[in-house]
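S.K.: What follows is target28.pdb, made up of PDB, C-alpha atoms:
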ATOM      1  CA  ASP A   1      96.824  98.591 105.733  1.00  0.00           C
ATOM      2  CA  ALA A   2      94.012  99.183 108.203  1.00  0.00           C
ATOM      3  CA  ALA A   3      95.859 102.073 109.844  1.00  0.00           C
ATOM      4  CA  VAL A   4      96.453 103.782 106.491  1.00  0.00           C
ATOM      5  CA  ALA A   5      92.806 103.257 105.521  1.00  0.00           C
ATOM      6  CA  ALA A   6      91.694 104.734 108.858  1.00  0.00           C
ATOM      7  CA  VAL A   7      93.800 107.855 108.303  1.00  0.00           C
ATOM      8  CA  ALA A   8      92.487 108.199 104.738  1.00  0.00           C
ATOM      9  CA  ASP A   9      88.918 107.825 106.015  1.00  0.00           C
ATOM     10  CA  GLN A  10      89.545 110.516 108.621  1.00  0.00           C
ATOM     11  CA  ILE A  11      91.005 112.882 106.013  1.00  0.00           C
ATOM     12  CA  ALA A  12      88.045 112.197 103.721  1.00  0.00           C
ATOM     13  CA  ALA A  13      85.537 112.825 106.519  1.00  0.00           C
ATOM     14  CA  GLU A  14      87.196 116.001 107.776  1.00  0.00           C
ATOM     15  CA  HIS A  15      88.457 117.531 104.522  1.00  0.00           C
ATOM     16  CA  GLY A  16      87.271 115.523 101.506  1.00  0.00           C
ATOM     17  CA  ARG A  17      90.597 115.992  99.730  1.00  0.00           C
ATOM     18  CA  LEU A  18      94.345 115.464  99.998  1.00  0.00           C
ATOM     19  CA  HIS A  19      96.834 117.908  98.510  1.00  0.00           C
ATOM     20  CA  LEU A  20     100.096 116.095  99.265  1.00  0.00           C
ATOM     21  CA  LEU A  21     101.075 112.496  99.948  1.00  0.00           C
ATOM     22  CA  VAL A  22     104.722 111.959 100.861  1.00  0.00           C
ATOM     23  CA  ASN A  23     105.687 108.301 100.658  1.00  0.00           C
ATOM     24  CA  ASN A  24     108.681 108.192 102.969  1.00  0.00           C
ATOM     25  CA  THR A  25     108.585 105.004 104.966  1.00  0.00           C
ATOM     26  CA  TRP A  26     111.420 102.557 104.935  1.00  0.00           C
ATOM     27  CA  GLY A  27     112.220  99.170 106.380  1.00  0.00           C
ATOM     28  CA  GLY A  28     115.481  97.371 106.052  1.00  0.00           C
ATOM     29  CA  TYR A  29     117.760  99.543 108.140  1.00  0.00           C
ATOM     30  CA  GLU A  30     116.887  97.643 111.312  1.00  0.00           C
ATOM     31  CA  ARG A  31     119.906  95.364 111.038  1.00  0.00           C
ATOM     32  CA  LEU A  32     122.136  98.194 109.849  1.00  0.00           C
ATOM     33  CA  ASN A  33     121.015 100.371 112.754  1.00  0.00           C
ATOM     34  CA  ALA A  34     121.833  97.475 115.086  1.00  0.00           C
ATOM     35  CA  GLY A  35     125.447  97.734 113.892  1.00  0.00           C
ATOM     36  CA  ALA A  36     125.599  95.315 110.954  1.00  0.00           C
ATOM     37  CA  TRP A  37     127.671  97.640 108.730  1.00  0.00           C
ATOM     38  CA  GLN A  38     129.659  94.791 107.129  1.00  0.00           C
ATOM     39  CA  GLU A  39     126.477  92.840 106.389  1.00  0.00           C
ATOM     40  CA  TRP A  40     124.998  95.877 104.639  1.00  0.00           C
ATOM     41  CA  ASN A  41     127.894  95.961 102.168  1.00  0.00           C
ATOM     42  CA  ALA A  42     128.172  92.190 101.701  1.00  0.00           C
ATOM     43  CA  PRO A  43     127.409  90.388  98.424  1.00  0.00           C
ATOM     44  CA  LEU A  44     123.759  89.350  98.100  1.00  0.00           C
ATOM     45  CA  TRP A  45     124.540  85.706  98.867  1.00  0.00           C
ATOM     46  CA  GLU A  46     126.027  86.788 102.202  1.00  0.00           C
ATOM     47  CA  GLN A  47     123.139  89.021 103.195  1.00  0.00           C
ATOM     48  CA  PRO A  48     120.226  87.529 105.132  1.00  0.00           C
ATOM     49  CA  LEU A  49     117.109  87.016 103.013  1.00  0.00           C
ATOM     50  CA  ASP A  50     114.993  88.882 105.545  1.00  0.00           C
ATOM     51  CA  LEU A  51     116.851  92.061 104.564  1.00  0.00           C
ATOM     52  CA  PHE A  52     115.102  91.871 101.178  1.00  0.00           C
ATOM     53  CA  ASP A  53     111.739  91.228 102.853  1.00  0.00           C
ATOM     54  CA  LEU A  54     112.155  94.181 105.224  1.00  0.00           C
ATOM     55  CA  MET A  55     113.005  96.566 102.380  1.00  0.00           C
ATOM     56  CA  PHE A  56     110.137  95.471 100.198  1.00  0.00           C
ATOM     57  CA  SER A  57     107.464  95.102 102.900  1.00  0.00           C
ATOM     58  CA  GLY A  58     108.531  98.072 105.029  1.00  0.00           C
ATOM     59  CA  GLY A  59     109.392 100.298 102.091  1.00  0.00           C
ATOM     60  CA  VAL A  60     108.011  99.556  98.643  1.00  0.00           C
ATOM     61  CA  ARG A  61     104.793  97.892  99.811  1.00  0.00           C
ATOM     62  CA  THR A  62     103.985 100.667 102.283  1.00  0.00           C
ATOM     63  CA  HIS A  63     104.414 103.265  99.536  1.00  0.00           C
ATOM     64  CA  TYR A  64     102.196 101.261  97.188  1.00  0.00           C
ATOM     65  CA  THR A  65      99.567 100.773  99.903  1.00  0.00           C
ATOM     66  CA  ALA A  66      99.451 104.436 100.893  1.00  0.00           C
ATOM     67  CA  LEU A  67      99.137 105.517  97.274  1.00  0.00           C
ATOM     68  CA  ALA A  68      96.475 102.945  96.414  1.00  0.00           C
ATOM     69  CA  ILE A  69      94.377 103.846  99.452  1.00  0.00           C
ATOM     70  CA  CYS A  70      94.825 107.622  99.099  1.00  0.00           C
ATOM     71  CA  ALA A  71      94.369 107.803  95.302  1.00  0.00           C
ATOM     72  CA  PRO A  72      90.635 108.638  95.491  1.00  0.00           C
ATOM     73  CA  LEU A  73      91.401 111.579  97.787  1.00  0.00           C
ATOM     74  CA  LEU A  74      94.194 112.783  95.522  1.00  0.00           C
ATOM     75  CA  ILE A  75      91.942 112.466  92.465  1.00  0.00           C
ATOM     76  CA  ALA A  76      89.330 114.547  94.307  1.00  0.00           C
ATOM     77  CA  THR A  77      92.021 117.251  94.571  1.00  0.00           C
ATOM     78  CA  PRO A  78      93.211 118.257  91.094  1.00  0.00           C
ATOM     79  CA  GLY A  79      96.687 119.742  91.368  1.00  0.00           C
ATOM     80  CA  SER A  80      97.709 117.381  94.178  1.00  0.00           C
ATOM     81  CA  LEU A  81     101.110 115.699  94.434  1.00  0.00           C
ATOM     82  CA  VAL A  82     102.491 112.299  95.375  1.00  0.00           C
ATOM     83  CA  ALA A  83     106.193 112.464  96.269  1.00  0.00           C
ATOM     84  CA  THR A  84     107.772 109.038  96.696  1.00  0.00           C
ATOM     85  CA  VAL A  85     111.114 109.336  98.430  1.00  0.00           C
ATOM     86  CA  SER A  86     113.616 107.018  96.795  1.00  0.00           C
ATOM     87  CA  PHE A  87     117.312 107.032  95.960  1.00  0.00           C
ATOM     88  CA  ALA A  88     119.387 106.815  92.805  1.00  0.00           C
ATOM     89  CA  VAL A  89     121.858 103.974  93.117  1.00  0.00           C
ATOM     90  CA  PRO A  90     124.496 104.595  90.441  1.00  0.00           C
ATOM     91  CA  ASP A  91     125.432 101.493  88.463  1.00  0.00           C
ATOM     92  CA  SER A  92     129.091 102.068  89.310  1.00  0.00           C
ATOM     93  CA  GLU A  93     128.314 102.076  93.049  1.00  0.00           C
ATOM     94  CA  GLN A  94     125.776  99.253  93.219  1.00  0.00           C
ATOM     95  CA  HIS A  95     128.284  97.108  95.132  1.00  0.00           C
ATOM     96  CA  ALA A  96     128.223  99.598  98.021  1.00  0.00           C
ATOM     97  CA  TYR A  97     124.459  99.474  98.518  1.00  0.00           C
ATOM     98  CA  GLY A  98     123.475  95.835  98.211  1.00  0.00           C
ATOM     99  CA  ALA A  99     121.231  94.196  95.646  1.00  0.00           C
ATOM    100  CA  ALA A 100     118.036  94.319  97.738  1.00  0.00           C
ATOM    101  CA  TYR A 101     118.444  98.042  98.391  1.00  0.00           C
ATOM    102  CA  GLY A 102     119.027  98.853  94.733  1.00  0.00           C
ATOM    103  CA  MET A 103     116.041  96.746  93.698  1.00  0.00           C
ATOM    104  CA  ALA A 104     113.756  98.375  96.269  1.00  0.00           C
ATOM    105  CA  LYS A 105     114.711 101.888  95.227  1.00  0.00           C
ATOM    106  CA  ALA A 106     114.219 101.006  91.539  1.00  0.00           C
ATOM    107  CA  ALA A 107     110.773  99.652  92.451  1.00  0.00           C
ATOM    108  CA  ASP A 108     109.896 102.930  94.205  1.00  0.00           C
ATOM    109  CA  ASP A 109     110.958 104.871  91.111  1.00  0.00           C
ATOM    110  CA  ARG A 110     108.845 102.574  88.952  1.00  0.00           C
ATOM    111  CA  LEU A 111     105.852 103.085  91.255  1.00  0.00           C
ATOM    112  CA  ALA A 112     106.185 106.849  90.863  1.00  0.00           C
ATOM    113  CA  LEU A 113     106.315 106.502  87.068  1.00  0.00           C
ATOM    114  CA  ALA A 114     103.382 104.060  86.832  1.00  0.00           C
ATOM    115  CA  ALA A 115     101.278 106.240  89.141  1.00  0.00           C
ATOM    116  CA  SER A 116     102.117 109.341  87.086  1.00  0.00           C
ATOM    117  CA  LEU A 117     100.672 107.746  83.961  1.00  0.00           C
ATOM    118  CA  GLN A 118      97.483 106.684  85.721  1.00  0.00           C
ATOM    119  CA  LEU A 119      96.979 109.889  87.739  1.00  0.00           C
ATOM    120  CA  ARG A 120      97.876 112.487  85.082  1.00  0.00           C
ATOM    121  CA  PRO A 121      94.367 112.480  83.505  1.00  0.00           C
ATOM    122  CA  HIS A 122      93.099 113.523  86.957  1.00  0.00           C
ATOM    123  CA  ARG A 123      95.692 116.331  87.165  1.00  0.00           C
ATOM    124  CA  VAL A 124      97.554 114.562  89.961  1.00  0.00           C
ATOM    125  CA  THR A 125     101.355 114.582  89.845  1.00  0.00           C
ATOM    126  CA  SER A 126     103.532 111.652  90.900  1.00  0.00           C
ATOM    127  CA  ILE A 127     107.277 112.174  91.292  1.00  0.00           C
ATOM    128  CA  ALA A 128     110.157 110.188  92.765  1.00  0.00           C
ATOM    129  CA  VAL A 129     112.307 112.402  94.966  1.00  0.00           C
ATOM    130  CA  HIS A 130     115.956 111.434  95.428  1.00  0.00           C
ATOM    131  CA  PRO A 131     117.654 112.923  98.452  1.00  0.00           C
ATOM    132  CA  GLY A 132     121.352 112.472  98.878  1.00  0.00           C
ATOM    133  CA  LEU A 133     122.767 111.425 102.203  1.00  0.00           C
ATOM    134  CA  VAL A 134     120.326 112.708 104.828  1.00  0.00           C
ATOM    135  CA  ARG A 135     121.595 113.308 108.356  1.00  0.00           C
ATOM    136  CA  THR A 136     119.036 111.208 110.215  1.00  0.00           C
ATOM    137  CA  GLU A 137     119.758 109.616 113.574  1.00  0.00           C
ATOM    138  CA  GLY A 138     120.281 106.269 111.860  1.00  0.00           C
ATOM    139  CA  VAL A 139     122.783 107.729 109.394  1.00  0.00           C
ATOM    140  CA  MET A 140     124.687 109.684 112.029  1.00  0.00           C
ATOM    141  CA  GLN A 141     125.587 106.563 113.984  1.00  0.00           C
ATOM    142  CA  PHE A 142     127.827 105.600 111.028  1.00  0.00           C
ATOM    143  CA  VAL A 143     129.454 108.998 110.632  1.00  0.00           C
ATOM    144  CA  GLU A 144     132.951 107.460 110.711  1.00  0.00           C
ATOM    145  CA  HIS A 145     132.144 105.595 107.466  1.00  0.00           C
ATOM    146  CA  LEU A 146     130.544 108.534 105.645  1.00  0.00           C
ATOM    147  CA  ASP A 147     131.462 111.771 103.909  1.00  0.00           C
ATOM    148  CA  LEU A 148     128.877 114.307 105.054  1.00  0.00           C
ATOM    149  CA  ALA A 149     130.249 117.229 103.004  1.00  0.00           C
ATOM    150  CA  THR A 150     127.249 117.318 100.653  1.00  0.00           C
ATOM    151  CA  SER A 151     124.702 115.770 103.020  1.00  0.00           C
ATOM    152  CA  GLN A 152     121.203 117.153 103.514  1.00  0.00           C
ATOM    153  CA  SER A 153     119.036 117.722 106.548  1.00  0.00           C
ATOM    154  CA  ALA A 154     115.643 116.065 106.860  1.00  0.00           C
ATOM    155  CA  GLU A 155     114.154 119.556 107.063  1.00  0.00           C
ATOM    156  CA  GLY A 156     115.912 120.495 103.821  1.00  0.00           C
ATOM    157  CA  VAL A 157     114.349 117.521 102.045  1.00  0.00           C
ATOM    158  CA  GLY A 158     110.991 118.651 103.432  1.00  0.00           C
ATOM    159  CA  ARG A 159     111.544 122.162 102.059  1.00  0.00           C
ATOM    160  CA  ALA A 160     112.274 120.697  98.620  1.00  0.00           C
ATOM    161  CA  ILE A 161     109.039 118.682  98.642  1.00  0.00           C
ATOM    162  CA  THR A 162     107.067 121.698  99.903  1.00  0.00           C
ATOM    163  CA  ALA A 163     108.463 123.789  97.044  1.00  0.00           C
ATOM    164  CA  LEU A 164     107.408 121.076  94.587  1.00  0.00           C
ATOM    165  CA  ALA A 165     103.895 121.033  96.052  1.00  0.00           C
ATOM    166  CA  ASP A 166     103.668 124.810  95.722  1.00  0.00           C
ATOM    167  CA  ASP A 167     104.815 124.833  92.081  1.00  0.00           C
ATOM    168  CA  PRO A 168     101.816 125.645  89.844  1.00  0.00           C
ATOM    169  CA  ASP A 169     103.524 123.788  86.973  1.00  0.00           C
ATOM    170  CA  VAL A 170     104.369 120.637  88.943  1.00  0.00           C
ATOM    171  CA  LEU A 171     102.284 118.449  86.615  1.00  0.00           C
ATOM    172  CA  ASP A 172     104.899 119.110  83.906  1.00  0.00           C
ATOM    173  CA  LEU A 173     107.382 117.180  86.093  1.00  0.00           C
ATOM    174  CA  SER A 174     105.148 114.159  86.638  1.00  0.00           C
ATOM    175  CA  GLY A 175     106.801 110.783  86.189  1.00  0.00           C
ATOM    176  CA  GLN A 176     110.311 112.087  86.760  1.00  0.00           C
ATOM    177  CA  ALA A 177     112.839 111.155  89.412  1.00  0.00           C
ATOM    178  CA  LEU A 178     114.261 114.439  90.698  1.00  0.00           C
ATOM    179  CA  SER A 179     117.204 114.895  93.021  1.00  0.00           C
ATOM    180  CA  VAL A 180     116.776 117.111  96.055  1.00  0.00           C
ATOM    181  CA  ASP A 181     119.870 119.021  94.936  1.00  0.00           C
ATOM    182  CA  SER A 182     118.234 119.813  91.579  1.00  0.00           C
ATOM    183  CA  LEU A 183     115.071 120.910  93.402  1.00  0.00           C
ATOM    184  CA  ALA A 184     117.169 123.156  95.665  1.00  0.00           C
ATOM    185  CA  THR A 185     118.621 124.840  92.582  1.00  0.00           C
ATOM    186  CA  ARG A 186     115.255 125.015  90.815  1.00  0.00           C
ATOM    187  CA  TYR A 187     113.476 126.645  93.764  1.00  0.00           C
ATOM    188  CA  GLY A 188     116.394 128.525  95.334  1.00  0.00           C
ATOM    189  CA  ILE A 189     116.213 126.778  98.708  1.00  0.00           C
ATOM    190  CA  ASP A 190     118.760 125.498 101.203  1.00  0.00           C
ATOM    191  CA  VAL A 191     118.585 121.746 101.782  1.00  0.00           C
ATOM    192  CA  SER A 192     121.719 121.467 103.909  1.00  0.00           C
ATOM    193  CA  THR A 193     120.286 122.940 107.110  1.00  0.00           C
TER     194      THR A 193
END
Can the structure in the file be given as C-alpha cells, please?
M.R.:
Amino acid sequence: DAAVAAVADQIAAEHGRLHLLVNNTWGGYERLNAGAWQEWNAPLWEQPLDLFDLMFSGGVRTHYTALAICAPLLIATPGSLVATVSFAVPDSEQHAYGAAYGMAKAADDRLALAASLQLRPHRVTSIAVHPGLVRTEGVMQFVEHLDLATSQSAEGVGRAITALADDPDVLDLSGQALSVDSLATRYGIDVST
C-alpha cells in the first residue's frame, strides 16, 4: 500500500494528473509456475487454501488498492481510464480453472463495474479487459498443455488498452467487460504479435 501511495504522490507532485491506470497485477500463479499443474485443476477441496489467499491478496486487493489510491488523480483528469485486466471464465469451463481463480476474476469484473458507477460523474471510465491466453513466460512453461492457436502477446494486449485510452468515446464503454479480441476488431489492431 505504501509503495502504491508513494508512486501516486510522485505522479501528483510531478504531473498533477493520471490519464491511464492499468490494473494488471496477479498473485496465485506461484504454485502453478513451480510446476503444480495438477493442483491448479484440482477440485477446490484438494487445492491449498493459500491459493485463494494469493489470488485475492496479490490480485484483487492490489487492483482495489491501486484504484482507491489513484482515484483522486484520475478524477483530476477528466477523460482518464482505468483498465482492470481480468478474465472471463465460462460457466462450462469453470472446472478447468479452479474455484478461487473464477471467484477472483469475477471480483475484478465487479470492481470495474462498481468503479465505473462511482467515477462516471467525474468523466472517468472504468473497464474490465479480458485477454485470452497471453504468451507470458509463466504460460509458455506449460505449452504442452495449451492450444496457442488464438493466443495473444503481452504487447498485443497493451496495444488494445492503448487504443481504448485513445478512444474519445471511451466513456460510453464504462462498466463493461471487453475482450481483447473484440477490442482488436473495434480498433483494427493486431493482438497476436
S.K.: Here's a test: counting all atoms listed in the file, identify every protein, DNA and RNA residue with an atom at most 9 Å from (97.6, 103.0, 103.1) in the file's coordinate frame, and state them as a list in words.
M.R.: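 Answer for this query, in the requested form: Asp1, Ala2, Ala3, Val4, Ala5, Ala6, Val7, Ala8, Thr62, His63, Tyr64, Thr65, Ala66, Leu67, Ala68, Ile69 and Cys70 of chain A.
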S.K.: For A:Gln94, which residue out of A:Ala106, A:Leu49, A:Val191, A:Leu133 is the nearest one, using all atoms listed in the file?
M.R.: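 With all atoms listed in the file as the atom set, the closest residue is A:Ala106.
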S.K.: Can you list what the PyMOL selection byres ((chain A and resi 178) around 7) grabs from this structure, as a ChimeraX atom specification?
M.R.: /A:128-130,176-177,179-180,182
S.K.: Find the spatial neighbours of stretch 24-30 of chain A, counting all atoms listed in the file, within a cut-off of 6 Å - ignore same-chain residues fewer than 5 positions away - and output them as a PyMOL selection string.
M.R.: chain A and resi 51+54-55+58-59+85
S.K.: Limited to C-alpha atoms, could you put the picked residues into a file as a PDB file, in the frame of the given file?
M.R.:
ATOM      1  CA  LEU A  51     116.851  92.061 104.564  1.00  0.00           C
ATOM      2  CA  LEU A  54     112.155  94.181 105.224  1.00  0.00           C
ATOM      3  CA  MET A  55     113.005  96.566 102.380  1.00  0.00           C
ATOM      4  CA  GLY A  58     108.531  98.072 105.029  1.00  0.00           C
ATOM      5  CA  GLY A  59     109.392 100.298 102.091  1.00  0.00           C
ATOM      6  CA  VAL A  85     111.114 109.336  98.430  1.00  0.00           C
TER       7      VAL A  85
END
S.K.: Could you check the closest approach to A:Pro72 for each of A:Leu119, A:Val157, A:Met140, A:Leu164 and tell me which residue wins, using all atoms listed in the file?
M.R.: A:Leu119
S.K.: Which residue out of A:Ala149, A:Leu171, A:Leu111, A:Ala104 has the minimum interatomic distance to A:Thr84 when only C-alpha atoms are used?
M.R.: A:Leu111
S.K.: Suppose you want the space between atom CA of A:Gly156 and atom CA of A:Thr136; what is it in Å?
M.R.: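 Atom-to-atom, atom CA of A:Gly156 to atom CA of A:Thr136, that is 11.7 Å.
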S.K.: Would you give the centre and edge lengths, in Å to one decimal, of a box along x, y and z around the listed atoms of stretch 138-146 of chain A, with 3 Å added to each side, as AutoDock Vina command-line options?
M.R.:
--center_x 126.6 --center_y 107.6 --center_z 109.8 --size_x 18.7 --size_y 10.1 --size_z 14.3
S.K.: Got a sec: who's within 7 Å of A:Thr125, counting all atoms listed in the file, leaving out chain neighbours fewer than 6 positions off, as a list in words?
M.R.: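 Counting all atoms listed in the file, the residues come to Ser80, Leu81, Val82, Ser116, Leu119, Val170, Leu171 and Ser174 of chain A.
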S.K.: I need every residue sitting at most 9 Å from the point (112.7, 127.8, 93.6) (coordinates as in the file, all atoms listed in the file considered), written as an MDAnalysis selection string.
M.R.: chainID A and resid 160 163:164 167 183:189
S.K.: Record the distance separating atom CA of A:Val60 and atom CA of A:Gly102, expressed in Å with one decimal.
M.R.: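 Computed distance, atom CA of A:Val60 to atom CA of A:Gly102, equals 11.7 Å.
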S.K.: Find, counting all atoms listed in the file, the residue in A:Ala99, A:Ala165, A:Ala112, A:Ala154 that gets nearest to A:Asn41.
M.R.: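 Among the listed residues, the smallest separation from A:Asn41 belongs to A:Ala99.
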S.K.: Measure the distance from atom CA of A:Arg159 to atom CA of A:Asp190 in Å and round it to one decimal.
M.R.: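 Atom CA of A:Arg159 sits 8.0 Å away from atom CA of A:Asp190.
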S.K.: Hey, what's within 12 Å of A:Tyr97 if we count all atoms listed in the file and toss same-chain stuff fewer than 2 positions away? As a count of residues only, please?
M.R.: 28
S.K.: May I ask you to restore N, CA and C atoms in stretch 40-66 of chain A and write the result as a tab-separated table (two decimals), in the frame of the given file?
M.R.:
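This went into rebuild_6.tsv:
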chain	number	residue	atom	x	y	z
A	40	TRP	N	125.64	94.96	105.58
A	40	TRP	CA	125.00	95.88	104.64
A	40	TRP	C	125.74	95.92	103.31
A	41	ASN	N	127.06	95.85	103.36
A	41	ASN	CA	127.89	95.96	102.17
A	41	ASN	C	128.31	94.61	101.60
A	42	ALA	N	127.79	93.54	102.14
A	42	ALA	CA	128.17	92.19	101.70
A	42	ALA	C	127.51	91.84	100.37
A	43	PRO	N	128.07	90.88	99.64
A	43	PRO	CA	127.41	90.39	98.42
A	43	PRO	C	126.04	89.80	98.77
A	44	LEU	N	125.13	89.78	97.82
A	44	LEU	CA	123.76	89.35	98.10
A	44	LEU	C	123.69	87.95	98.70
A	45	TRP	N	124.58	87.07	98.33
A	45	TRP	CA	124.54	85.71	98.87
A	45	TRP	C	125.02	85.64	100.32
A	46	GLU	N	125.61	86.74	100.80
A	46	GLU	CA	126.03	86.79	102.20
A	46	GLU	C	125.08	87.62	103.06
A	47	GLN	N	124.12	88.25	102.44
A	47	GLN	CA	123.14	89.02	103.20
A	47	GLN	C	121.96	88.12	103.57
A	48	PRO	N	121.38	88.33	104.75
A	48	PRO	CA	120.23	87.53	105.13
A	48	PRO	C	119.03	87.85	104.23
A	49	LEU	N	118.26	86.82	103.90
A	49	LEU	CA	117.11	87.02	103.01
A	49	LEU	C	116.07	87.95	103.62
A	50	ASP	N	116.00	88.01	104.95
A	50	ASP	CA	114.99	88.88	105.54
A	50	ASP	C	115.30	90.36	105.30
A	51	LEU	N	116.53	90.68	104.92
A	51	LEU	CA	116.85	92.06	104.56
A	51	LEU	C	116.03	92.49	103.35
A	52	PHE	N	115.93	91.61	102.35
A	52	PHE	CA	115.10	91.87	101.18
A	52	PHE	C	113.64	92.06	101.60
A	53	ASP	N	113.14	91.15	102.42
A	53	ASP	CA	111.74	91.23	102.85
A	53	ASP	C	111.45	92.52	103.60
A	54	LEU	N	112.35	92.94	104.48
A	54	LEU	CA	112.16	94.18	105.22
A	54	LEU	C	112.10	95.39	104.29
A	55	MET	N	112.97	95.42	103.30
A	55	MET	CA	113.00	96.57	102.38
A	55	MET	C	111.77	96.62	101.49
A	56	PHE	N	111.30	95.47	101.07
A	56	PHE	CA	110.14	95.47	100.20
A	56	PHE	C	108.83	95.60	100.97
A	57	SER	N	108.72	94.98	102.14
A	57	SER	CA	107.46	95.10	102.90
A	57	SER	C	107.40	96.42	103.65
A	58	GLY	N	108.52	96.85	104.24
A	58	GLY	CA	108.53	98.07	105.03
A	58	GLY	C	108.85	99.31	104.23
A	59	GLY	N	109.10	99.16	102.95
A	59	GLY	CA	109.39	100.30	102.09
A	59	GLY	C	108.47	100.34	100.90
A	60	VAL	N	108.75	99.53	99.90
A	60	VAL	CA	108.01	99.56	98.64
A	60	VAL	C	106.52	99.27	98.86
A	61	ARG	N	106.21	98.23	99.62
A	61	ARG	CA	104.79	97.89	99.81
A	61	ARG	C	104.04	98.99	100.56
A	62	THR	N	104.67	99.60	101.54
A	62	THR	CA	103.98	100.67	102.28
A	62	THR	C	103.71	101.87	101.38
A	63	HIS	N	104.65	102.16	100.48
A	63	HIS	CA	104.41	103.26	99.54
A	63	HIS	C	103.25	102.93	98.59
A	64	TYR	N	103.27	101.71	98.08
A	64	TYR	CA	102.20	101.26	97.19
A	64	TYR	C	100.84	101.30	97.90
A	65	THR	N	100.81	100.81	99.12
A	65	THR	CA	99.57	100.77	99.90
A	65	THR	C	99.03	102.17	100.15
A	66	ALA	N	99.90	103.07	100.61
A	66	ALA	CA	99.45	104.44	100.89
A	66	ALA	C	98.91	105.10	99.63
